[in-house]
>>> print(open('work_19.json').read())   # JSON, N, CA and C atoms
[["chain", "number", "residue", "atom", "x", "y", "z"],
["L", 549, "MET", "N", -11.36, -37.88, -31.99],
["L", 549, "MET", "CA", -11.53, -36.72, -32.83],
["L", 549, "MET", "C", -11.14, -37.01, -34.28],
["L", 550, "PRO", "N", -10.00, -37.66, -34.57],
["L", 550, "PRO", "CA", -9.66, -37.93, -35.96],
["L", 550, "PRO", "C", -10.69, -38.81, -36.65],
["L", 551, "ASN", "N", -11.29, -39.76, -35.93],
["L", 551, "ASN", "CA", -12.29, -40.63, -36.55],
["L", 551, "ASN", "C", -13.51, -39.83, -36.99],
["L", 552, "TYR", "N", -13.88, -38.83, -36.21],
["L", 552, "TYR", "CA", -15.01, -37.97, -36.54],
["L", 552, "TYR", "C", -14.73, -37.23, -37.85],
["L", 553, "LEU", "N", -13.51, -36.68, -37.97],
["L", 553, "LEU", "CA", -13.15, -35.96, -39.18],
["L", 553, "LEU", "C", -13.10, -36.88, -40.39],
["L", 554, "LEU", "N", -12.57, -38.08, -40.19],
["L", 554, "LEU", "CA", -12.50, -39.03, -41.30],
["L", 554, "LEU", "C", -13.89, -39.46, -41.75],
["L", 555, "SER", "N", -14.79, -39.60, -40.80],
["L", 555, "SER", "CA", -16.14, -40.00, -41.19],
["L", 555, "SER", "C", -16.84, -38.88, -41.96],
["L", 556, "LEU", "N", -16.58, -37.63, -41.60],
["L", 556, "LEU", "CA", -17.18, -36.52, -42.34],
["L", 556, "LEU", "C", -16.63, -36.45, -43.76],
["L", 557, "VAL", "N", -15.34, -36.70, -43.91],
["L", 557, "VAL", "CA", -14.73, -36.68, -45.24],
["L", 557, "VAL", "C", -15.27, -37.83, -46.07],
["L", 558, "ALA", "N", -15.41, -39.00, -45.47],
["L", 558, "ALA", "CA", -15.88, -40.18, -46.19],
["L", 558, "ALA", "C", -17.33, -40.00, -46.66],
["L", 559, "GLU", "N", -18.14, -39.35, -45.84],
["L", 559, "GLU", "CA", -19.54, -39.15, -46.20],
["L", 559, "GLU", "C", -19.73, -38.04, -47.22],
["L", 560, "GLY", "N", -18.71, -37.21, -47.39],
["L", 560, "GLY", "CA", -18.83, -36.10, -48.34],
["L", 560, "GLY", "C", -19.52, -34.89, -47.75],
["L", 561, "THR", "N", -19.72, -34.87, -46.43],
["L", 561, "THR", "CA", -20.38, -33.73, -45.79],
["L", 561, "THR", "C", -19.37, -32.81, -45.12],
["L", 562, "TYR", "N", -18.13, -32.90, -45.54],
["L", 562, "TYR", "CA", -17.06, -32.13, -44.90],
["L", 562, "TYR", "C", -17.08, -30.69, -45.38],
["L", 563, "THR", "N", -17.28, -29.78, -44.47],
["L", 563, "THR", "CA", -17.12, -28.36, -44.76],
["L", 563, "THR", "C", -16.24, -27.79, -43.67],
["L", 564, "THR", "N", -15.26, -27.01, -44.06],
["L", 564, "THR", "CA", -14.26, -26.51, -43.13],
["L", 564, "THR", "C", -14.89, -25.66, -42.04],
["L", 565, "GLY", "N", -15.79, -24.80, -42.39],
["L", 565, "GLY", "CA", -16.40, -23.90, -41.41],
["L", 565, "GLY", "C", -17.12, -24.62, -40.30],
["L", 566, "LYS", "N", -17.88, -25.63, -40.64],
["L", 566, "LYS", "CA", -18.64, -26.36, -39.63],
["L", 566, "LYS", "C", -17.72, -27.13, -38.70],
["L", 567, "VAL", "N", -16.72, -27.79, -39.28],
["L", 567, "VAL", "CA", -15.83, -28.60, -38.46],
["L", 567, "VAL", "C", -14.97, -27.71, -37.57],
["L", 568, "LEU", "N", -14.39, -26.67, -38.13],
["L", 568, "LEU", "CA", -13.53, -25.80, -37.34],
["L", 568, "LEU", "C", -14.30, -25.06, -36.26],
["L", 569, "SER", "N", -15.50, -24.63, -36.56],
["L", 569, "SER", "CA", -16.26, -23.91, -35.55],
["L", 569, "SER", "C", -16.68, -24.82, -34.40],
["L", 570, "SER", "N", -16.77, -26.11, -34.66],
["L", 570, "SER", "CA", -17.11, -27.03, -33.57],
["L", 570, "SER", "C", -15.88, -27.43, -32.77],
["L", 571, "ILE", "N", -14.68, -27.26, -33.33],
["L", 571, "ILE", "CA", -13.45, -27.64, -32.64],
["L", 571, "ILE", "C", -12.79, -26.45, -31.97],
["L", 572, "VAL", "N", -12.60, -25.37, -32.73],
["L", 572, "VAL", "CA", -11.88, -24.20, -32.23],
["L", 572, "VAL", "C", -12.88, -23.28, -31.53],
["L", 573, "THR", "N", -12.58, -22.96, -30.30],
["L", 573, "THR", "CA", -13.45, -22.06, -29.54],
["L", 573, "THR", "C", -12.77, -20.72, -29.34],
["L", 574, "SER", "N", -13.52, -19.75, -28.89],
["L", 574, "SER", "CA", -12.95, -18.42, -28.66],
["L", 574, "SER", "C", -11.95, -18.46, -27.51],
["L", 575, "ASP", "N", -12.13, -19.37, -26.56],
["L", 575, "ASP", "CA", -11.15, -19.51, -25.47],
["L", 575, "ASP", "C", -9.81, -19.99, -26.00],
["L", 576, "MET", "N", -9.84, -20.89, -26.97],
["L", 576, "MET", "CA", -8.59, -21.38, -27.56],
["L", 576, "MET", "C", -7.86, -20.26, -28.30],
["L", 577, "ILE", "N", -8.60, -19.50, -29.07],
["L", 577, "ILE", "CA", -7.99, -18.38, -29.81],
["L", 577, "ILE", "C", -7.48, -17.33, -28.83],
["L", 578, "GLY", "N", -8.25, -17.08, -27.78],
["L", 578, "GLY", "CA", -7.80, -16.13, -26.76],
["L", 578, "GLY", "C", -6.53, -16.58, -26.08],
["L", 579, "GLY", "N", -6.40, -17.88, -25.82],
["L", 579, "GLY", "CA", -5.18, -18.41, -25.21],
["L", 579, "GLY", "C", -3.98, -18.25, -26.10],
["L", 580, "VAL", "N", -4.16, -18.48, -27.39],
["L", 580, "VAL", "CA", -3.06, -18.31, -28.34],
["L", 580, "VAL", "C", -2.66, -16.85, -28.40],
["L", 581, "LEU", "N", -3.63, -15.96, -28.45],
["L", 581, "LEU", "CA", -3.34, -14.52, -28.49],
["L", 581, "LEU", "C", -2.62, -14.07, -27.22],
["L", 582, "ASP", "N", -3.03, -14.58, -26.07],
["L", 582, "ASP", "CA", -2.36, -14.24, -24.82],
["L", 582, "ASP", "C", -0.91, -14.69, -24.82],
["L", 583, "GLU", "N", -0.65, -15.88, -25.33],
["L", 583, "GLU", "CA", 0.73, -16.38, -25.39],
["L", 583, "GLU", "C", 1.59, -15.55, -26.33],
["L", 584, "ILE", "N", 1.03, -15.15, -27.46],
["L", 584, "ILE", "CA", 1.78, -14.31, -28.39],
["L", 584, "ILE", "C", 2.11, -12.97, -27.74],
["L", 585, "ILE", "N", 1.17, -12.39, -27.03],
["L", 585, "ILE", "CA", 1.40, -11.12, -26.34],
["L", 585, "ILE", "C", 2.43, -11.30, -25.24],
["L", 586, "ASN", "N", 2.42, -12.43, -24.54],
["L", 586, "ASN", "CA", 3.39, -12.67, -23.48],
["L", 586, "ASN", "C", 4.80, -12.90, -24.01],
["L", 587, "VAL", "N", 4.94, -13.38, -25.24],
["L", 587, "VAL", "CA", 6.26, -13.65, -25.81],
["L", 587, "VAL", "C", 6.87, -12.39, -26.43],
["L", 588, "LEU", "N", 6.05, -11.43, -26.81],
["L", 588, "LEU", "CA", 6.55, -10.22, -27.47],
["L", 588, "LEU", "C", 7.63, -9.48, -26.68],
["L", 589, "PRO", "N", 7.51, -9.29, -25.36],
["L", 589, "PRO", "CA", 8.57, -8.57, -24.65],
["L", 589, "PRO", "C", 9.93, -9.27, -24.70],
["L", 590, "VAL", "N", 9.95, -10.54, -24.98],
["L", 590, "VAL", "CA", 11.22, -11.26, -25.10],
["L", 590, "VAL", "C", 11.72, -11.22, -26.54],
["L", 591, "VAL", "N", 10.81, -11.41, -27.49],
["L", 591, "VAL", "CA", 11.20, -11.54, -28.89],
["L", 591, "VAL", "C", 11.67, -10.21, -29.48],
["L", 592, "LEU", "N", 10.98, -9.12, -29.18],
["L", 592, "LEU", "CA", 11.34, -7.84, -29.79],
["L", 592, "LEU", "C", 12.75, -7.38, -29.42],
["L", 593, "PRO", "N", 13.16, -7.35, -28.15],
["L", 593, "PRO", "CA", 14.54, -6.94, -27.87],
["L", 593, "PRO", "C", 15.59, -7.87, -28.47],
["L", 594, "VAL", "N", 15.30, -9.15, -28.50],
["L", 594, "VAL", "CA", 16.24, -10.09, -29.10],
["L", 594, "VAL", "C", 16.38, -9.82, -30.60],
["L", 595, "ALA", "N", 15.27, -9.59, -31.28],
["L", 595, "ALA", "CA", 15.31, -9.31, -32.72],
["L", 595, "ALA", "C", 16.05, -8.00, -32.99],
["L", 596, "ILE", "N", 15.78, -6.97, -32.20],
["L", 596, "ILE", "CA", 16.46, -5.69, -32.38],
["L", 596, "ILE", "C", 17.95, -5.82, -32.09],
["L", 597, "GLY", "N", 18.29, -6.57, -31.05],
["L", 597, "GLY", "CA", 19.70, -6.80, -30.74],
["L", 597, "GLY", "C", 20.41, -7.57, -31.84],
["L", 598, "PHE", "N", 19.74, -8.56, -32.39],
["L", 598, "PHE", "CA", 20.32, -9.35, -33.47],
["L", 598, "PHE", "C", 20.61, -8.48, -34.69],
["L", 599, "ILE", "N", 19.65, -7.64, -35.04],
["L", 599, "ILE", "CA", 19.85, -6.74, -36.19],
["L", 599, "ILE", "C", 20.99, -5.77, -35.90],
["L", 600, "GLY", "N", 21.06, -5.27, -34.67],
["L", 600, "GLY", "CA", 22.15, -4.35, -34.30],
["L", 600, "GLY", "C", 23.51, -5.02, -34.39],
["L", 601, "VAL", "N", 23.61, -6.24, -33.92],
["L", 601, "VAL", "CA", 24.89, -6.96, -33.97],
["L", 601, "VAL", "C", 25.29, -7.21, -35.42],
["L", 602, "ARG", "N", 24.33, -7.58, -36.25],
["L", 602, "ARG", "CA", 24.63, -7.79, -37.67],
["L", 602, "ARG", "C", 25.14, -6.53, -38.33],
["L", 603, "LYS", "N", 24.48, -5.40, -38.03],
["L", 603, "LYS", "CA", 24.91, -4.14, -38.62],
["L", 603, "LYS", "C", 26.28, -3.74, -38.08],
["L", 604, "GLY", "N", 26.54, -4.00, -36.81],
["L", 604, "GLY", "CA", 27.84, -3.69, -36.23],
["L", 604, "GLY", "C", 28.95, -4.52, -36.86],
["L", 605, "ILE", "N", 28.71, -5.80, -37.05],
["L", 605, "ILE", "CA", 29.71, -6.65, -37.68],
["L", 605, "ILE", "C", 29.94, -6.21, -39.12],
["L", 606, "GLY", "N", 28.87, -5.88, -39.82],
["L", 606, "GLY", "CA", 29.01, -5.38, -41.20],
["L", 606, "GLY", "C", 29.81, -4.10, -41.26],
["L", 607, "PHE", "N", 29.59, -3.21, -40.31],
["L", 607, "PHE", "CA", 30.33, -1.96, -40.28],
["L", 607, "PHE", "C", 31.82, -2.21, -40.02],
["L", 608, "VAL", "N", 32.12, -3.05, -39.06],
["L", 608, "VAL", "CA", 33.53, -3.36, -38.75],
["L", 608, "VAL", "C", 34.20, -4.04, -39.93],
["L", 609, "LEU", "N", 33.54, -5.00, -40.55],
["L", 609, "LEU", "CA", 34.13, -5.68, -41.71],
["L", 609, "LEU", "C", 34.32, -4.71, -42.88],
["L", 610, "GLY", "N", 33.35, -3.83, -43.10],
["L", 610, "GLY", "CA", 33.49, -2.83, -44.16],
["L", 610, "GLY", "C", 34.64, -1.89, -43.90],
["L", 611, "THR", "N", 34.83, -1.48, -42.65],
["L", 611, "THR", "CA", 35.94, -0.60, -42.27],
["L", 611, "THR", "C", 37.28, -1.32, -42.47],
["L", 612, "LEU", "N", 37.33, -2.59, -42.07],
["L", 612, "LEU", "CA", 38.57, -3.34, -42.23],
["L", 612, "LEU", "C", 38.90, -3.59, -43.70],
["L", 613, "HIS", "N", 37.91, -3.82, -44.52],
["L", 613, "HIS", "CA", 38.16, -4.06, -45.94],
["L", 613, "HIS", "C", 38.65, -2.79, -46.64],
["L", 614, "SER", "N", 38.12, -1.64, -46.23],
["L", 614, "SER", "CA", 38.54, -0.39, -46.87],
["L", 614, "SER", "C", 39.87, 0.11, -46.35],
["L", 615, "ALA", "N", 40.35, -0.41, -45.24],
["L", 615, "ALA", "CA", 41.62, 0.07, -44.66],
["L", 615, "ALA", "C", 42.82, -0.55, -45.35]]
>>> encode(input="work_19.json", output="structure tokens")
Amino acid sequence: MPNYLLSLVAEGTYTTGKVLSSIVTSDMIGGVLDEIINVLPVVLPVAIGFIGVRKGIGFVLGTLHSA
């Protein structure tokens, strides 16, 4: 595959649309989208928990500094 791309660049016939459309298929994009959707139930609670912990620590530190 890399040799094919290098030959297209060397010949000067390289266009991104033609090369990408011959390499990337709708099944590949669908697989990536499926993986992103499968990871969301894990990532969202972790991100919300992380923000909550940060806000909690900030609140405690602010309370301790003002005391």
>>> atom_distance(input="work_19.json", atom1="CA of Val572 (chain L)", atom2="atom N of Ile584 (chain L)")
16.5 Å
>>> atom_distance(input="work_19.json", atom1="CA of Gly610 (chain L)", atom2="atom C of Leu592 (chain L)")
25.8 Å
>>> atom_distance(input="work_19.json", atom1="atom N of Val594 (chain L)", atom2="atom C of Leu609 (chain L)")
24.3 Å
